[in-house]
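Heads up, run_17.cif below (mmCIF, C-alpha atoms):
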```cif
data_protein
loop_
_atom_site.label_atom_id
_atom_site.label_comp_id
_atom_site.auth_asym_id
_atom_site.auth_seq_id
_atom_site.Cartn_x
_atom_site.Cartn_y
_atom_site.Cartn_z
CA MET A 128 11.42 4.28 -15.97
CA ASN A 129 11.71 0.51 -16.03
CA LYS A 130 9.13 -2.03 -17.09
CA ARG A 131 6.84 -2.67 -14.14
CA THR A 132 3.77 -4.65 -13.26
CA ALA A 133 0.31 -3.69 -14.42
CA PRO A 134 -3.10 -5.08 -13.59
CA VAL A 135 -3.47 -8.43 -15.30
CA ALA A 136 -7.01 -7.76 -16.47
CA GLU A 137 -9.64 -5.12 -16.73
CA ASP A 138 -11.65 -4.61 -13.56
CA VAL A 139 -14.84 -6.63 -13.73
CA ILE A 140 -17.36 -5.06 -11.46
CA GLY A 141 -20.63 -6.89 -11.25
CA ASP A 142 -22.68 -5.81 -8.27
CA ARG A 143 -19.54 -5.05 -6.23
CA SER A 144 -15.83 -5.70 -6.45
CA THR A 145 -14.44 -8.88 -4.94
CA PRO A 146 -12.01 -9.02 -2.03
CA GLN A 147 -9.48 -10.64 -4.38
CA GLN A 148 -9.68 -7.69 -6.80
CA ARG A 149 -9.22 -5.22 -3.97
CA GLU A 150 -6.28 -7.15 -2.56
CA GLN A 151 -4.57 -7.45 -5.95
CA ARG A 152 -4.95 -3.73 -6.61
CA LEU A 153 -3.49 -3.00 -3.16
CA VAL A 154 -0.46 -5.11 -4.14
CA ASP A 155 -0.22 -3.20 -7.45
CA ILE A 156 -0.41 0.20 -5.75
CA THR A 157 2.10 -0.81 -3.09
CA ASN A 158 4.51 -1.90 -5.83
CA TRP A 159 4.06 1.32 -7.83
CA LEU A 160 4.76 3.44 -4.74
CA GLN A 161 7.90 1.43 -4.08
CA TYR A 162 9.06 1.62 -7.72
CA PHE A 163 8.53 5.38 -7.82
CA GLN A 164 10.50 5.72 -4.60
CA GLU A 165 13.34 3.58 -6.00
CA ASP A 166 13.39 5.46 -9.31
CA CYS A 167 13.50 8.85 -7.52
CA GLN A 168 16.35 7.62 -5.35
CA ARG A 169 18.28 6.32 -8.36
CA GLU A 170 17.63 9.29 -10.67
CA PHE A 171 17.69 12.21 -8.22
CA GLY A 172 19.22 10.85 -5.03
CA GLY A 173 16.14 12.01 -3.16
CA THR A 174 14.03 10.08 -0.73
CA VAL A 175 10.27 9.97 -1.13
CA VAL A 176 8.27 9.46 2.05
CA TYR A 177 4.61 8.47 1.96
CA ALA A 178 1.81 9.08 4.41
CA GLU A 179 1.13 6.18 6.72
CA ASN A 180 -1.11 3.62 5.00
CA ALA A 181 -0.89 5.53 1.69
CA ALA A 182 -1.37 2.46 -0.52
CA ARG A 183 -4.28 1.19 1.57
CA ASP A 184 -6.00 4.59 1.52
CA ILE A 185 -5.52 5.03 -2.25
CA ASN A 186 -6.87 1.53 -2.84
CA HIS A 187 -9.93 2.16 -0.65
CA VAL A 188 -10.81 5.43 -2.40
CA TYR A 189 -10.13 3.86 -5.81
CA TRP A 190 -12.69 1.08 -5.28
CA GLU A 191 -15.20 3.34 -3.59
CA THR A 192 -15.05 5.81 -6.48
CA LEU A 193 -15.07 3.03 -9.07
CA GLU A 194 -18.23 1.50 -7.64
CA GLU A 195 -20.05 4.76 -6.89
CA CYS A 196 -19.04 7.01 -9.80
CA VAL A 197 -17.74 4.86 -12.65
CA ARG A 198 -19.75 1.63 -12.65
CA PRO A 199 -23.17 3.32 -12.76
CA ARG A 200 -22.11 5.21 -15.91
CA ILE A 201 -20.94 2.16 -17.86
CA THR A 202 -23.52 0.05 -19.63
CA SER A 203 -23.10 -3.65 -20.18
CA GLN A 204 -22.91 -4.94 -23.72
CA SER A 205 -25.28 -7.83 -24.44
CA GLY A 206 -25.67 -8.88 -20.84
CA LYS A 207 -21.94 -9.26 -20.20
CA GLU A 208 -20.42 -8.18 -16.91
CA VAL A 209 -19.48 -4.52 -16.70
CA THR A 210 -15.74 -4.05 -17.15
CA VAL A 211 -13.57 -1.03 -16.59
CA ASP A 212 -10.88 -0.87 -19.25
CA ARG A 213 -7.23 0.02 -18.75
CA HIS A 214 -7.76 3.65 -19.77
CA LYS A 215 -10.30 4.20 -17.00
CA ILE A 216 -8.06 2.31 -14.57
CA CYS A 217 -5.18 4.67 -15.53
CA SER A 218 -7.40 7.70 -15.22
CA LEU A 219 -8.98 6.82 -11.91
CA THR A 220 -5.72 5.68 -10.32
CA GLU A 221 -3.97 8.85 -11.45
CA LEU A 222 -6.76 11.13 -10.23
CA ILE A 223 -7.07 9.38 -6.86
CA ILE A 224 -3.32 9.63 -6.23
CA ALA A 225 -3.21 13.30 -7.24
CA HIS A 226 -6.22 13.97 -5.01
CA GLN A 227 -4.90 11.98 -2.04
CA SER A 228 -1.41 13.58 -2.26
CA PRO A 229 0.21 10.65 -0.46
CA VAL A 230 3.74 12.07 -0.55
CA GLU A 231 4.91 13.59 2.73
CA HIS A 232 6.86 16.84 2.46
CA ASP A 233 7.22 19.99 4.57
CA ASP A 234 6.85 22.19 1.48
CA ALA A 235 3.18 22.08 0.33
CA ALA A 236 4.04 22.86 -3.30
CA LYS A 237 6.68 20.10 -3.38
CA LYS A 238 4.18 17.66 -1.82
CA ILE A 239 1.65 18.42 -4.57
CA ASP A 240 4.32 18.24 -7.28
CA LEU A 241 5.71 14.89 -6.12
CA SER A 242 2.19 13.47 -5.74
CA ALA A 243 1.32 14.60 -9.29
CA ARG A 244 4.51 12.97 -10.58
CA LEU A 245 3.65 9.78 -8.68
CA ALA A 246 0.13 9.81 -10.16
CA TYR A 247 1.48 10.25 -13.71
CA TYR A 248 4.12 7.58 -13.08
CA CYS A 249 1.48 5.08 -11.96
CA ALA A 250 -0.77 5.80 -14.95
CA LEU A 251 2.17 5.34 -17.34
CA ASN A 252 3.06 2.07 -15.65
CA ILE A 253 -0.49 0.74 -15.86
CA LEU A 254 -0.80 1.54 -19.54
CA GLY A 255 2.83 0.89 -20.42
CA CYS A 256 2.98 -2.57 -18.93
CA TRP A 257 -0.36 -3.73 -20.28
CA ASP A 258 0.41 -6.38 -22.89
CA SER A 259 4.11 -6.30 -21.89
CA ARG A 260 4.79 -2.80 -23.18
CA ILE A 261 7.58 -0.67 -21.75
CA ALA A 262 6.34 2.50 -20.07
CA THR A 263 9.13 4.77 -21.32
CA GLU A 264 7.99 4.11 -24.89
CA LEU A 265 4.72 5.83 -24.02
CA HIS A 266 6.43 9.16 -23.54
CA VAL A 267 4.42 11.39 -25.86
CA SER A 268 6.54 14.51 -25.55
CA ASP A 269 8.17 16.71 -22.94
CA SER A 270 5.45 19.32 -23.44
CA PHE A 271 2.65 16.75 -22.93
CA GLU A 272 4.25 15.55 -19.70
CA ARG A 273 4.80 19.12 -18.48
CA GLU A 274 1.22 20.19 -19.26
CA HIS A 275 -0.34 17.01 -17.87
CA LEU A 276 1.62 17.38 -14.62
CA THR A 277 0.53 21.02 -14.38
CA TRP A 278 -3.07 19.90 -14.83
CA LEU A 279 -2.67 17.23 -12.11
CA ARG A 280 -1.11 19.72 -9.70
CA ASN A 281 -4.04 22.07 -10.14
CA LEU A 282 -6.91 19.60 -9.91
CA GLN A 283 -9.64 20.72 -7.61
CA ARG A 284 -9.25 18.96 -4.30
CA CYS A 285 -12.81 17.67 -4.52
CA SER A 286 -13.41 14.12 -5.75
CA GLU A 287 -17.00 14.89 -6.76
CA ASN A 288 -15.79 16.51 -9.96
CA PHE A 289 -13.13 14.05 -11.10
CA PRO A 290 -12.89 14.10 -14.91
CA ILE A 291 -12.49 10.31 -14.97
CA PHE A 292 -13.91 9.70 -18.42
CA SER A 293 -12.25 12.60 -20.23
CA ASN A 294 -8.92 11.70 -18.63
CA ALA A 295 -9.47 8.08 -19.72
CA ALA A 296 -9.86 9.41 -23.27
CA THR A 297 -6.48 11.13 -22.88
CA TRP A 298 -4.88 7.82 -21.88
CA TYR A 299 -6.60 6.09 -24.79
CA LEU A 300 -5.07 8.65 -27.17
CA VAL A 301 -1.64 8.21 -25.58
CA GLU A 302 -1.92 4.49 -26.18
CA ARG A 303 -3.08 5.00 -29.79
CA LEU A 304 -0.13 7.32 -30.42
CA PHE A 305 2.22 4.65 -29.06
CA ILE A 306 0.66 2.02 -31.34
CA GLU A 307 0.88 4.32 -34.38
CA ARG A 308 4.54 5.09 -33.64
CA SER A 309 5.31 1.39 -33.21
CA GLU A 310 3.62 0.48 -36.49
CA ARG A 311 5.47 3.24 -38.36
CA SER A 312 8.85 2.17 -36.97
CA VAL A 313 8.26 -1.43 -38.12
CA ALA A 314 7.17 -0.43 -41.64
#
```
Will you turn the file into structure tokens for me?
Amino acid sequence: MNKRTAPVAEDVIGDRSTPQQREQRLVDITNWLQYFQEDCQREFGGTVVYAENAARDINHVYWETLEECVRPRITSQSGKEVTVDRHKICSLTELIIAHQSPVEHDDAAKKIDLSARLAYYCALNILGCWDSRIATELHVSDSFEREHLTWLRNLQRCSENFPIFSNAATWYLVERLFIERSERSVA
């Protein structure tokens, strides 16, 4: 996986998101879908086809869920605006994509598998490119990837029970592991 673009800042969500934030995230999602498609073509020779308006639909559900389910559960520190950090952005983006299953495929199991892989890919790219990091360096282990993809494939298809915060903790730990490995390799 190559270095890709990530959101330039944490999502600041005062009363509501701004049109500029929504538009920028749509650009990000559109890019990630394209990059995943290109990487699949290059690595496996396969073509990935998305549902019509996939990026737009993912973006809409992302912001709706962010404002209705995430923002009310985050408290502001000393009167500052409420921000959603990169771990929650990874988590929510990944869960929305897995839930939406935007990949088109005749085989239902393959559709779910490719959508889970896309979701994981996007989360890695968000976290991996934050502060100019390379996403492939965030590979924890083959077993972590295998188990996380299995978990994504088997998520309940109901957005009311998204484990946004616990999944954000997983992405925080992945990032911490990356930092620890980087510090050890320098020492």
Rounded to one decimal, what separation in Å do you get between atom CA of A:Gln148 and atom CA of A:Arg244?
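Distance between the two atoms: 25.3 Å.
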Find, counting all atoms listed in the file, the residue in A:Ala295, A:Ile156, A:Gln151, A:Val211 that gets nearest to A:Asn252.
A:Ile156
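Residue nearest A:Phe292 within the list A:Ser205, A:Ser218, A:Gln161, A:Thr192: A:Ser218 [criterion: smallest interatomic distance, all atoms listed in the file].
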Quick one: which residues end up in the PyMOL selection byres ((chain A and resi 226) around 10) for this structure, as JSON, numbers by chain?
{"A": [185, 220, 221, 222, 223, 224, 225, 227, 228, 229, 239, 242, 243, 246, 279, 280, 281, 282, 283, 284, 285, 286, 289]}
Next, the residues of the selection above should be written as a JSON list (two decimals), in the coordinates of the input with C-alpha atoms.
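part.json, freshly written:
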```
[["chain", "number", "residue", "atom", "x", "y", "z"],
["A", 185, "ILE", "CA", -5.52, 5.03, -2.25],
["A", 220, "THR", "CA", -5.72, 5.68, -10.32],
["A", 221, "GLU", "CA", -3.97, 8.85, -11.45],
["A", 222, "LEU", "CA", -6.76, 11.13, -10.23],
["A", 223, "ILE", "CA", -7.07, 9.38, -6.86],
["A", 224, "ILE", "CA", -3.32, 9.63, -6.23],
["A", 225, "ALA", "CA", -3.21, 13.30, -7.24],
["A", 227, "GLN", "CA", -4.90, 11.98, -2.04],
["A", 228, "SER", "CA", -1.41, 13.58, -2.26],
["A", 229, "PRO", "CA", 0.21, 10.65, -0.46],
["A", 239, "ILE", "CA", 1.65, 18.42, -4.57],
["A", 242, "SER", "CA", 2.19, 13.47, -5.74],
["A", 243, "ALA", "CA", 1.32, 14.60, -9.29],
["A", 246, "ALA", "CA", 0.13, 9.81, -10.16],
["A", 279, "LEU", "CA", -2.67, 17.23, -12.11],
["A", 280, "ARG", "CA", -1.11, 19.72, -9.70],
["A", 281, "ASN", "CA", -4.04, 22.07, -10.14],
["A", 282, "LEU", "CA", -6.91, 19.60, -9.91],
["A", 283, "GLN", "CA", -9.64, 20.72, -7.61],
["A", 284, "ARG", "CA", -9.25, 18.96, -4.30],
["A", 285, "CYS", "CA", -12.81, 17.67, -4.52],
["A", 286, "SER", "CA", -13.41, 14.12, -5.75],
["A", 289, "PHE", "CA", -13.13, 14.05, -11.10]]
```
Padding 8 Å on every side, please: axis-aligned box over the listed atoms of stretch 165-169 of chain A, centre and edge lengths to one decimal in Å, as AutoDock Vina command-line options.
```
--center_x 15.8 --center_y 6.2 --center_z -7.3 --size_x 20.9 --size_y 21.3 --size_z 20.0
```
One number please: atom CA of A:Ala182 to atom CA of A:Lys237, in Å, one decimal.
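Result for atom CA of A:Ala182 versus atom CA of A:Lys237: 19.6 Å, one decimal.
Residues in contact range of A:Ser268, defined as at most 12 Å between only C-alpha atoms, with sequence neighbours fewer than 6 positions away removed, read Glu274, His275, Val301, Leu304 and Phe305 of chain A.
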Just how far from atom CA of A:Arg183 is atom CA of A:Arg169, in Å to one decimal?
25.2 Å
Considering only C-alpha atoms, state which residue in the set A:Leu265, A:Thr277, A:His214, A:Leu160 is at the smallest distance from A:Tyr299.
A:His214
Which residues match the PyMOL selection byres ((chain A and resi 232) around 10) in the file above, as a PyMOL selection string?
chain A and resi 175-178+229-231+233-239+241
Pick out the closest residue to A:Ser293 from this set: A:Asp184, A:Leu219, A:Glu179, A:Gln164. Count only C-alpha atoms.
A:Leu219
A:Asp166, A:Thr202, A:Trp190, A:Cys196 ranked by distance to A:Thr145, top pick (using only C-alpha atoms)
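Of A:Asp166, A:Thr202, A:Trp190, A:Cys196, the one nearest A:Thr145 is A:Trp190, counting only C-alpha atoms.
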Using only C-alpha atoms, find the one residue out of A:Phe171, A:Tyr189, A:Phe163, A:Trp257 that sits nearest to A:Arg149.
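So, comparing all the options, the nearest one is A:Tyr189.
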Excluding A:Val267 and any residue of its chain fewer than 3 positions from it, enumerate the residues within 12 Å of it, using only C-alpha atoms, and give them as a PyMOL selection string.
chain A and resi 251+255+262-264+270-275+297-298+300-308
